[in-house]
Amino acid sequence: MLAATLLWLALAPDADIQGRVRAAPSGDAVPYATVRVAELRRTVSTDAEGNFVIHGVPDGRWRVQASAIGYHPTEAVVRVGGGSVVRLDFDLVAAPVALTPVEVHGTPRERSATPARVRGGPPPVQMGTRAVMAVPALVEADVLRAVQTLPSVAAASDFSSALYVRGGSPDQALVMLDGVPLFNPYHVGGLFGAIDPATVASVDVLAGAFPARTGDRLSGVVDIRTREGGRDAVRGSGAVSLISSRASLDGPLPSGRGSYLASIRRTYLDAFTDAAYAVNLIPGTVPYAFTDGHLKITHDVGTAGVATASVYVDAEGIDIPERLRRMFNTEMSFRWGSRLATAAYRHTFRPGLAGEARVGVSQFYGRFDAADEQYSGSPDTPPVFSPLLRARTETRNVLASAELARTSGGNQLRAGVQADAYRFAHDVQDVRSDAFGNFVDPFTRTDQPFTLAAYLDDEWAPSERLALRAGMRVLYAGELGTALMPRVGVRWSAAPGLALSAGGGRYAQVMHSLRDEESLGSAFLAYDLLAAPGAHAGLMTAEDVTVGAEWSRGATSLRVDAYARWLHDLPLPPAADNPLESPVLVGDGFRTGEGTARGLELLASHVRGRSHLSLSYALSFSERTVDGERFTPRFERRHTIDATAITPLGRSGEFNARLAIATGQPYTPVLGVAQGYRWDPATGRYGAADADAGTILLGRHNAARLPGYLRLDVSARREYRRRWFGQRMTLTPYLQVVNVLNTRNVLSAEPQLGGGAPTVLNYLPQIPVFPTFGVEWKF
């Protein structure tokens, strides 16, 4: 059936008008722009690369209009006749600050989350670069932290930027960079994301009701697209903050038929603390460093093709200097990071028929070695080191995909295939319980699953008010089984400014994390070490249903979604007597369980001049069931409110604030203390032990809630435009304060015994007030 569909797509009759919408003068693609032939009442949207096709235009002269949020609309008159193919490209000029009322409504909304293209079913939420940059962050703008302001995405703690989407764990959320999965896109264990925000063009977040061409994960997709370099001139930008610096450069290729974009970011926390220690400003140093870089090249091929290539690398490490080795008699070398490379080619074969082919490879690696010096008995004897930890890990994905898209009138049919070869290899040895016992148990395993996916996805708009979507995705995973995944969606414009939508589908994935989400360590360590489920367990699967409504009037918009999700065959870690003491990584012994999630989400936005306010609310219920036990997962927050505000400071300044309020996360309560007894050989009897020897009796797993969460972050920035060495430059100093109220938010509750006193709970706090400052620059 798939082969017949591909043949039909290739032989289908021609359309009449095709082209691309770009920004002037840079030549950047304008995604999701609107192209309209008013006389025919025909409207289409450009794709992510700015391409559009209007099929079946009758012979004659027609006025074609192109418009997009943040740009002045433009139009052109074309003549179509004799079945000819007309090429029509648009260059849109960015709108200035003083806009007409319609344009005022559009420009500031780029700062916040807005629905992407209108399609059948609930649309994804798209965040632009301004939305990412406006969210106050720990050090600098952070893509993943900005995504967590959406109601469908949550974080486990202040220390982790791992994404929990609608009751799913991070391994069930697919993070893609330029069309390829990116594993563990974090720095500092997950404290902030590893993607330079200056390279990002858009972030699409799909939290449910995915189309058939999207997969293969159970809970969500975060599709990060980097921008193309400018084609008119060389531009540069960057920033210097307290612990890191970044710089990017983009411009046209020498051939004039493409562009490049290069960026690099590096922390100098290690060098800074070494220098401060050398002059006795601080008592110690931080031997940690990270680097990440990105390169993207775009080149036109002929008149109908575009080729792109992207390379991304990030590397982190901890190396204890010789001074600290002698001080602590310890050797340590931890190195980890990610690599990604992809090449894609898009070609318009004929109007209405376009194809794209992509190959890519993505890898996460880690090498961790630690040892301590043993007493040799003599100062003349060389030191002997005893291993504390030796671990190796690799997660790799090699993929190849191809897609054909046929557009005809109000119908678009997509067909595609994708092959993925995975390798999950982990070797953890020489784990000393006194050093790493609460982190990981020794294990060795290697999994190499292979999957082949094929899909058909049909989107049909029988009228301007109604859009339908239906598709089927098939995932073959060898001995793990085959999954048939139907997907459907509908969207109806019930009234001007009001749209109703519904959608649902079935999903499957071939991997799961070895990280125990119920362990306290998972709040600090965001990295997922992935593995394939056993052949007896098969593929993990899920179904979901989403219904929603979107309303907008003038500068105000509101979106409400209700959802339900069912998760099957989940590999869950072994039961732990005390989650506070259980290892964060588990090699084997997984149990097969089920899960459910349901909730209500609200996303509102209001614009007034240069000011902008957005508000999100999430009501969520999540459960896991395994071995007859039902519990709420540790990462769930029942109620979450997240508000962001942007207010101008003078003519060239801006003040941003983010307020997050949430109910506490679940934890296992303390029921009481069992008095310990010990045998007294002198008396031949048992006697009461010391009060400290009592045993804490825990209640039902995650049956209680920690105190609520409250955090206010603020930032301020102001632009200064100057000319240096004949070059116009912009400097933007900024100040950010995380948790400005210094709220003592609770990460965990640890019961303590001592002195015969009643059992008390010690609350482990999260990030305190943390100010940071820096300066951004661009030319």
# chains A, B, ... in the order shown; residues from 1 in each chain; ligands from 1
$ residues_around --residues "Leu399 in chain A" --least-positions-apart "6" --cutoff "9 Å" --atoms "only C-alpha atoms" --output "PyMOL selection string"
chain A and resi 180+358-362+418-422
$ write_last_selection --atoms "C-alpha atoms" --output "JSON list (two decimals), in the first residue's frame"
[["chain", "number", "residue", "atom", "x", "y", "z"],
["A", 180, "VAL", "CA", 17.54, 14.28, 14.59],
["A", 358, "ARG", "CA", 17.69, 12.90, 5.66],
["A", 359, "VAL", "CA", 20.54, 10.95, 7.23],
["A", 360, "GLY", "CA", 21.84, 11.56, 10.71],
["A", 361, "VAL", "CA", 23.78, 10.20, 13.65],
["A", 362, "SER", "CA", 23.45, 11.15, 17.30],
["A", 418, "GLN", "CA", 12.50, 5.95, 8.60],
["A", 419, "ALA", "CA", 15.07, 3.40, 9.71],
["A", 420, "ASP", "CA", 16.83, 3.71, 13.09],
["A", 421, "ALA", "CA", 19.76, 1.63, 14.32],
["A", 422, "TYR", "CA", 20.40, 2.07, 18.05]]
$ select_by_dssp --residues "range 84-252 of chain A" --states "helix (DSSP H, G or I)" --output "ChimeraX atom specification"
/A:101-106,108-111,129-134,143-147,170-172,188-190,197-199
$ residues_around --residues "Pro571 in chain A" --least-positions-apart "5" --cutoff "10 Å" --atoms "only C-alpha atoms" --output "PyMOL selection string"
chain A and resi 511-514+532-534+537+540+588-594+626
$ write_last_selection --atoms "all heavy atoms" --output "tab-separated table (two decimals), in the first residue's frame"
chain	number	residue	atom	x	y	z
A	511	MET	N	12.72	2.07	23.65
A	511	MET	CA	13.77	2.30	24.64
A	511	MET	C	13.16	2.78	25.95
A	511	MET	O	12.05	3.30	25.98
A	511	MET	CB	14.76	3.34	24.13
A	511	MET	CG	14.17	4.72	23.97
A	511	MET	SD	15.18	5.83	22.99
A	511	MET	CE	14.94	5.13	21.36
A	512	HIS	N	13.92	2.61	27.02
A	512	HIS	CA	13.53	3.16	28.31
A	512	HIS	C	14.79	3.52	29.08
A	512	HIS	O	15.90	3.08	28.76
A	512	HIS	CB	12.69	2.16	29.11
A	512	HIS	CG	13.47	0.98	29.62
A	512	HIS	ND1	14.04	0.96	30.86
A	512	HIS	CD2	13.78	-0.20	29.04
A	512	HIS	CE1	14.66	-0.21	31.04
A	512	HIS	NE2	14.52	-0.93	29.94
A	513	SER	N	14.62	4.34	30.09
A	513	SER	CA	15.76	4.81	30.87
A	513	SER	C	16.07	3.86	32.01
A	513	SER	O	15.18	3.21	32.57
A	513	SER	CB	15.46	6.20	31.44
A	513	SER	OG	16.53	6.65	32.25
A	514	LEU	N	17.36	3.78	32.35
A	514	LEU	CA	17.79	3.02	33.52
A	514	LEU	C	17.78	3.88	34.78
A	514	LEU	O	18.18	3.42	35.84
A	514	LEU	CB	19.20	2.46	33.29
A	514	LEU	CG	19.36	1.54	32.08
A	514	LEU	CD1	20.82	1.07	31.96
A	514	LEU	CD2	18.43	0.34	32.19
A	532	ALA	N	17.01	-1.15	25.84
A	532	ALA	CA	15.82	-1.72	25.21
A	532	ALA	C	15.12	-2.64	26.19
A	532	ALA	O	15.78	-3.33	26.98
A	532	ALA	CB	16.21	-2.49	23.95
A	533	PRO	N	13.80	-2.67	26.18
A	533	PRO	CA	13.10	-3.62	27.05
A	533	PRO	C	13.37	-5.05	26.60
A	533	PRO	O	13.74	-5.30	25.45
A	533	PRO	CB	11.63	-3.24	26.88
A	533	PRO	CG	11.56	-2.57	25.54
A	533	PRO	CD	12.88	-1.88	25.35
A	534	GLY	N	13.18	-6.01	27.48
A	534	GLY	CA	13.39	-7.39	27.13
A	534	GLY	C	12.38	-7.87	26.10
A	534	GLY	O	11.28	-7.31	25.96
A	537	ALA	N	8.95	-8.44	27.27
A	537	ALA	CA	8.13	-7.27	27.57
A	537	ALA	C	7.60	-6.61	26.31
A	537	ALA	O	6.48	-6.10	26.28
A	537	ALA	CB	8.93	-6.27	28.39
A	540	MET	N	6.97	-0.60	24.44
A	540	MET	CA	6.15	0.24	25.29
A	540	MET	C	5.14	0.95	24.41
A	540	MET	O	5.48	1.45	23.33
A	540	MET	CB	7.02	1.25	26.04
A	540	MET	CG	8.12	0.63	26.86
A	540	MET	SD	9.47	1.80	27.22
A	540	MET	CE	8.58	3.14	28.00
A	588	ASP	N	19.26	-3.76	36.09
A	588	ASP	CA	18.32	-4.82	35.74
A	588	ASP	C	17.29	-4.96	36.84
A	588	ASP	O	17.21	-4.14	37.74
A	588	ASP	CB	19.07	-6.15	35.50
A	588	ASP	CG	19.97	-6.53	36.68
A	588	ASP	OD1	19.72	-6.07	37.81
A	588	ASP	OD2	20.94	-7.27	36.46
A	589	GLY	N	16.49	-6.02	36.74
A	589	GLY	CA	15.43	-6.25	37.73
A	589	GLY	C	14.19	-5.41	37.51
A	589	GLY	O	13.39	-5.24	38.44
A	590	PHE	N	14.00	-4.91	36.30
A	590	PHE	CA	12.84	-4.05	36.04
A	590	PHE	C	11.54	-4.86	36.07
A	590	PHE	O	11.50	-6.01	35.63
A	590	PHE	CB	12.98	-3.36	34.69
A	590	PHE	CG	13.96	-2.22	34.70
A	590	PHE	CD1	15.30	-2.44	34.50
A	590	PHE	CD2	13.53	-0.93	34.94
A	590	PHE	CE1	16.22	-1.40	34.53
A	590	PHE	CE2	14.42	0.13	34.97
A	590	PHE	CZ	15.77	-0.11	34.76
A	591	ARG	N	10.49	-4.22	36.57
A	591	ARG	CA	9.16	-4.80	36.58
A	591	ARG	C	8.33	-4.15	35.49
A	591	ARG	O	8.60	-3.02	35.08
A	591	ARG	CB	8.50	-4.57	37.94
A	591	ARG	CG	9.31	-5.13	39.12
A	591	ARG	CD	8.74	-4.66	40.44
A	591	ARG	NE	8.88	-3.22	40.63
A	591	ARG	CZ	8.28	-2.52	41.59
A	591	ARG	NH1	7.46	-3.13	42.43
A	591	ARG	NH2	8.46	-1.21	41.69
A	592	THR	N	7.33	-4.84	35.00
A	592	THR	CA	6.46	-4.31	33.95
A	592	THR	C	5.21	-3.72	34.59
A	592	THR	O	4.51	-4.41	35.33
A	592	THR	CB	6.08	-5.40	32.95
A	592	THR	OG1	7.26	-5.92	32.35
A	592	THR	CG2	5.19	-4.83	31.86
A	593	GLY	N	4.96	-2.45	34.30
A	593	GLY	CA	3.83	-1.77	34.91
A	593	GLY	C	3.00	-1.00	33.90
A	593	GLY	O	3.26	-1.01	32.69
A	594	GLU	N	1.98	-0.32	34.42
A	594	GLU	CA	1.08	0.50	33.61
A	594	GLU	C	1.07	1.92	34.15
A	594	GLU	O	1.55	2.18	35.26
A	594	GLU	CB	-0.34	-0.08	33.65
A	594	GLU	CG	-0.45	-1.54	33.22
A	594	GLU	CD	-0.20	-1.71	31.74
A	594	GLU	OE1	-0.87	-1.03	30.94
A	594	GLU	OE2	0.67	-2.53	31.37
A	626	VAL	N	2.16	-1.19	39.43
A	626	VAL	CA	3.09	-2.29	39.22
A	626	VAL	C	2.96	-3.27	40.38
A	626	VAL	O	2.85	-2.86	41.54
A	626	VAL	CB	4.54	-1.76	39.10
A	626	VAL	CG1	4.97	-1.02	40.34
A	626	VAL	CG2	5.50	-2.89	38.76
$ residues_around --residues "range 279-292 of chain A" --least-positions-apart "3" --cutoff "12 Å" --atoms "only C-alpha atoms" --output "ChimeraX atom specification"
/A:185-189,192-197,199,243-248,262-276,295,311-325,327,332-340
$ write_last_selection --atoms "C-alpha atoms" --output "mmCIF file, in the first residue's frame"
data_model
loop_
_atom_site.group_PDB
_atom_site.id
_atom_site.type_symbol
_atom_site.label_atom_id
_atom_site.label_comp_id
_atom_site.auth_asym_id
_atom_site.auth_seq_id
_atom_site.Cartn_x
_atom_site.Cartn_y
_atom_site.Cartn_z
ATOM 1 C CA PRO A 185 20.907 17.950 25.965
ATOM 2 C CA TYR A 186 22.031 19.222 29.380
ATOM 3 C CA HIS A 187 25.020 20.725 31.183
ATOM 4 C CA VAL A 188 26.045 20.383 34.841
ATOM 5 C CA GLY A 189 24.050 17.207 35.385
ATOM 6 C CA PHE A 192 20.571 24.002 32.345
ATOM 7 C CA GLY A 193 20.241 23.122 28.683
ATOM 8 C CA ALA A 194 23.146 22.596 26.291
ATOM 9 C CA ILE A 195 21.667 24.395 23.265
ATOM 10 C CA ASP A 196 22.836 27.907 22.414
ATOM 11 C CA PRO A 197 19.652 30.035 22.270
ATOM 12 C CA THR A 199 21.058 29.521 17.090
ATOM 13 C CA ILE A 243 30.502 31.438 34.210
ATOM 14 C CA SER A 244 30.369 31.197 30.406
ATOM 15 C CA SER A 245 30.674 33.042 27.126
ATOM 16 C CA ARG A 246 29.155 32.398 23.740
ATOM 17 C CA ALA A 247 29.653 33.746 20.236
ATOM 18 C CA SER A 248 27.983 33.121 16.886
ATOM 19 C CA ALA A 262 28.494 28.886 13.467
ATOM 20 C CA SER A 263 28.331 29.191 17.246
ATOM 21 C CA ILE A 264 30.452 28.171 20.204
ATOM 22 C CA ARG A 265 29.958 28.397 23.968
ATOM 23 C CA ARG A 266 32.487 27.720 26.703
ATOM 24 C CA THR A 267 32.477 27.963 30.473
ATOM 25 C CA TYR A 268 35.448 29.383 32.301
ATOM 26 C CA LEU A 269 34.283 28.318 35.748
ATOM 27 C CA ASP A 270 37.412 26.174 36.147
ATOM 28 C CA ALA A 271 39.810 28.930 35.030
ATOM 29 C CA PHE A 272 37.988 31.598 37.050
ATOM 30 C CA THR A 273 38.070 29.630 40.296
ATOM 31 C CA ASP A 274 41.698 28.588 39.720
ATOM 32 C CA ALA A 275 42.700 32.240 39.343
ATOM 33 C CA ALA A 276 40.694 33.296 42.388
ATOM 34 C CA LEU A 295 27.648 24.599 12.599
ATOM 35 C CA VAL A 311 26.958 19.428 13.191
ATOM 36 C CA TYR A 312 26.517 19.796 16.948
ATOM 37 C CA VAL A 313 28.945 18.842 19.727
ATOM 38 C CA ASP A 314 29.014 19.336 23.463
ATOM 39 C CA ALA A 315 31.624 18.097 25.902
ATOM 40 C CA GLU A 316 31.892 18.279 29.677
ATOM 41 C CA GLY A 317 34.412 17.076 32.181
ATOM 42 C CA ILE A 318 35.726 17.014 35.722
ATOM 43 C CA ASP A 319 39.478 16.611 36.122
ATOM 44 C CA ILE A 320 40.943 16.979 39.595
ATOM 45 C CA PRO A 321 44.198 18.960 39.412
ATOM 46 C CA GLU A 322 47.410 17.634 40.949
ATOM 47 C CA ARG A 323 47.047 19.918 43.964
ATOM 48 C CA LEU A 324 43.665 18.439 44.869
ATOM 49 C CA ARG A 325 44.847 14.922 44.183
ATOM 50 C CA MET A 327 45.188 17.044 49.204
ATOM 51 C CA MET A 332 39.144 11.413 39.222
ATOM 52 C CA SER A 333 38.462 11.848 35.514
ATOM 53 C CA PHE A 334 34.858 12.258 34.385
ATOM 54 C CA ARG A 335 34.152 13.097 30.727
ATOM 55 C CA TRP A 336 30.843 13.041 28.893
ATOM 56 C CA GLY A 337 28.990 14.773 26.095
ATOM 57 C CA SER A 338 26.963 14.533 22.900
ATOM 58 C CA ARG A 339 27.627 14.590 19.176
ATOM 59 C CA LEU A 340 25.137 15.030 16.364
#
$ atom_distance --atom1 "CA of Ala494 in chain A" --atom2 "CA of Leu602 in chain A"
19.2 Å
$ residues_around --residues "Tyr507 in chain A" --least-positions-apart "2" --cutoff "9 Å" --atoms "only C-alpha atoms" --output "PyMOL selection string"
chain A and resi 210+215-219+473+483-487+505+509+540-544
$ residues_around --residues "Leu388 in chain A" --least-positions-apart "2" --cutoff "6 Å" --atoms "only C-alpha atoms" --output "JSON, numbers by chain"
{"A": [370, 371, 430, 431, 432]}
$ atom_distance --atom1 "CA of Gly774 in chain A" --atom2 "CA of Gln736 in chain A"
8.8 Å
$ atom_distance --atom1 "CA of Val510 in chain A" --atom2 "CA of His701 in chain A"
28.1 Å
$ closest_residue --among "A:Gly478, A:Ala660, A:Ile17, A:Asp458" --to "Ser616 in chain A" --atoms "only C-alpha atoms"
A:Ala660
$ residues_around --residues "Val428 in chain A" --least-positions-apart "5" --cutoff "7 Å" --atoms "only C-alpha atoms" --output "PDB file with N, CA and C atoms, in the first residue's frame"
ATOM      1  N   ARG A 390      34.490   2.728  37.958  1.00  0.00           N
ATOM      2  CA  ARG A 390      34.897   2.701  36.558  1.00  0.00           C
ATOM      3  C   ARG A 390      33.641   2.435  35.742  1.00  0.00           C
ATOM      4  N   ALA A 391      33.273   3.409  34.909  1.00  0.00           N
ATOM      5  CA  ALA A 391      32.021   3.290  34.163  1.00  0.00           C
ATOM      6  C   ALA A 391      32.208   3.812  32.751  1.00  0.00           C
ATOM      7  N   ARG A 392      31.531   3.142  31.813  1.00  0.00           N
ATOM      8  CA  ARG A 392      31.507   3.537  30.411  1.00  0.00           C
ATOM      9  C   ARG A 392      30.065   3.476  29.932  1.00  0.00           C
ATOM     10  N   PRO A 442      26.708  -1.999  40.312  1.00  0.00           N
ATOM     11  CA  PRO A 442      27.462  -2.506  39.156  1.00  0.00           C
ATOM     12  C   PRO A 442      26.545  -3.270  38.199  1.00  0.00           C
ATOM     13  N   PHE A 443      26.739  -3.062  36.895  1.00  0.00           N
ATOM     14  CA  PHE A 443      26.019  -3.827  35.883  1.00  0.00           C
ATOM     15  C   PHE A 443      26.701  -3.629  34.541  1.00  0.00           C
ATOM     16  N   THR A 444      26.443  -4.560  33.635  1.00  0.00           N
ATOM     17  CA  THR A 444      26.932  -4.483  32.263  1.00  0.00           C
ATOM     18  C   THR A 444      25.831  -4.972  31.338  1.00  0.00           C
TER      19      THR A 444
END
$ closest_residue --among "A:Ala716, A:Val147, A:Ala657, A:Ala156" --to "Ala207 in chain A" --atoms "only C-alpha atoms"
A:Val147
$ closest_residue --among "A:Ala76, A:Ala531, A:Ala415, A:Ala173" --to "Arg61 in chain A" --atoms "only C-alpha atoms"
A:Ala76
$ select_by_dssp --residues "range 204-264 of chain A" --states "strand (DSSP E)" --output "PyMOL selection string"
chain A and resi 204-206+220-226+235-241+244-252+258-264
$ write_last_selection --atoms "N, CA, C and O atoms" --output "CSV table (one decimal), in the first residue's frame"
chain,number,residue,atom,x,y,z
A,204,ASP,N,9.0,23.8,18.5
A,204,ASP,CA,7.6,23.3,18.5
A,204,ASP,C,7.4,22.3,19.6
A,204,ASP,O,8.2,21.3,19.6
A,205,VAL,N,6.4,22.4,20.4
A,205,VAL,CA,6.1,21.4,21.5
A,205,VAL,C,4.8,20.7,21.2
A,205,VAL,O,3.8,21.4,21.1
A,206,LEU,N,4.9,19.4,21.0
A,206,LEU,CA,3.7,18.6,20.8
A,206,LEU,C,3.6,17.7,22.0
A,206,LEU,O,4.4,16.9,22.3
A,220,GLY,N,5.7,13.1,24.4
A,220,GLY,CA,5.8,14.4,23.9
A,220,GLY,C,7.0,14.5,22.9
A,220,GLY,O,7.9,13.7,22.8
A,221,VAL,N,7.0,15.6,22.1
A,221,VAL,CA,8.0,15.9,21.1
A,221,VAL,C,8.4,17.4,21.3
A,221,VAL,O,7.5,18.2,21.3
A,222,VAL,N,9.7,17.7,21.4
A,222,VAL,CA,10.2,19.0,21.4
A,222,VAL,C,11.1,19.1,20.2
A,222,VAL,O,12.2,18.6,20.2
A,223,ASP,N,10.6,19.8,19.2
A,223,ASP,CA,11.3,19.9,17.9
A,223,ASP,C,12.0,21.3,17.8
A,223,ASP,O,11.3,22.3,17.6
A,224,ILE,N,13.3,21.3,17.9
A,224,ILE,CA,14.1,22.5,17.9
A,224,ILE,C,14.7,22.7,16.6
A,224,ILE,O,15.4,21.8,16.1
A,225,ARG,N,14.4,23.8,15.9
A,225,ARG,CA,14.9,24.1,14.6
A,225,ARG,C,15.9,25.3,14.7
A,225,ARG,O,15.5,26.3,15.2
A,226,THR,N,17.1,25.1,14.2
A,226,THR,CA,18.0,26.2,14.2
A,226,THR,C,17.8,27.1,13.0
A,226,THR,O,17.3,26.6,12.0
A,235,ARG,N,27.0,38.7,10.1
A,235,ARG,CA,26.5,39.2,11.4
A,235,ARG,C,27.1,38.4,12.5
A,235,ARG,O,27.4,37.2,12.3
A,236,GLY,N,27.3,39.0,13.6
A,236,GLY,CA,27.8,38.3,14.8
A,236,GLY,C,27.0,38.7,16.0
A,236,GLY,O,26.4,39.8,16.1
A,237,SER,N,27.0,37.8,17.0
A,237,SER,CA,26.4,38.0,18.3
A,237,SER,C,27.1,37.2,19.3
A,237,SER,O,27.8,36.2,19.0
A,238,GLY,N,26.8,37.5,20.6
A,238,GLY,CA,27.4,36.7,21.7
A,238,GLY,C,27.0,37.2,23.0
A,238,GLY,O,26.2,38.2,23.1
A,239,ALA,N,27.6,36.7,24.0
A,239,ALA,CA,27.3,37.1,25.4
A,239,ALA,C,28.4,36.7,26.3
A,239,ALA,O,29.1,35.7,26.0
A,240,VAL,N,28.6,37.4,27.4
A,240,VAL,CA,29.6,37.1,28.4
A,240,VAL,C,28.8,37.1,29.7
A,240,VAL,O,28.2,38.2,30.1
A,241,SER,N,28.9,36.0,30.4
A,241,SER,CA,28.2,36.0,31.7
A,241,SER,C,29.2,35.6,32.8
A,241,SER,O,30.4,35.5,32.5
A,244,SER,N,30.2,31.7,31.8
A,244,SER,CA,30.4,31.2,30.4
A,244,SER,C,30.3,32.4,29.4
A,244,SER,O,29.8,33.5,29.8
A,245,SER,N,30.8,32.1,28.2
A,245,SER,CA,30.7,33.0,27.1
A,245,SER,C,30.2,32.3,25.9
A,245,SER,O,30.5,31.1,25.7
A,246,ARG,N,29.6,33.0,25.0
A,246,ARG,CA,29.2,32.4,23.7
A,246,ARG,C,29.3,33.4,22.6
A,246,ARG,O,29.3,34.6,22.8
A,247,ALA,N,29.5,32.9,21.4
A,247,ALA,CA,29.7,33.7,20.2
A,247,ALA,C,29.1,33.0,19.0
A,247,ALA,O,29.3,31.8,18.9
A,248,SER,N,28.5,33.7,18.1
A,248,SER,CA,28.0,33.1,16.9
A,248,SER,C,28.3,34.1,15.7
A,248,SER,O,28.3,35.3,15.9
A,249,LEU,N,28.4,33.5,14.6
A,249,LEU,CA,28.7,34.2,13.3
A,249,LEU,C,27.9,33.6,12.2
A,249,LEU,O,27.9,32.4,12.1
A,250,ASP,N,27.3,34.4,11.4
A,250,ASP,CA,26.6,33.9,10.2
A,250,ASP,C,26.7,34.8,9.1
A,250,ASP,O,26.9,36.0,9.2
A,251,GLY,N,26.5,34.3,7.9
A,251,GLY,CA,26.6,35.1,6.7
A,251,GLY,C,26.4,34.3,5.4
A,251,GLY,O,26.2,33.1,5.5
A,252,PRO,N,26.5,34.9,4.3
A,252,PRO,CA,26.4,34.2,3.0
A,252,PRO,C,27.6,33.4,2.6
A,252,PRO,O,28.7,33.7,3.0
A,258,GLY,N,23.8,30.3,-0.7
A,258,GLY,CA,23.5,29.7,0.6
A,258,GLY,C,24.1,30.5,1.7
A,258,GLY,O,24.5,31.7,1.5
A,259,SER,N,24.1,29.9,2.9
A,259,SER,CA,24.5,30.6,4.1
A,259,SER,C,25.1,29.7,5.1
A,259,SER,O,25.0,28.4,4.9
A,260,TYR,N,25.8,30.2,6.1
A,260,TYR,CA,26.4,29.4,7.1
A,260,TYR,C,26.0,30.1,8.5
A,260,TYR,O,25.7,31.3,8.6
A,261,LEU,N,26.0,29.2,9.5
A,261,LEU,CA,25.8,29.7,10.9
A,261,LEU,C,26.7,28.9,11.8
A,261,LEU,O,26.7,27.6,11.7
A,262,ALA,N,27.6,29.6,12.6
A,262,ALA,CA,28.5,28.9,13.5
A,262,ALA,C,28.4,29.5,14.8
A,262,ALA,O,28.3,30.7,15.0
A,263,SER,N,28.4,28.7,15.9
A,263,SER,CA,28.3,29.2,17.2
A,263,SER,C,29.2,28.3,18.1
A,263,SER,O,29.4,27.1,17.9
A,264,ILE,N,29.7,28.9,19.2
A,264,ILE,CA,30.5,28.2,20.2
A,264,ILE,C,30.2,28.8,21.6
A,264,ILE,O,30.0,30.0,21.7
$ closest_residue --among "A:Pro583, A:Pro136, A:Arg231, A:Ala212" --to "Ala454 in chain A" --atoms "only C-alpha atoms"
A:Ala212
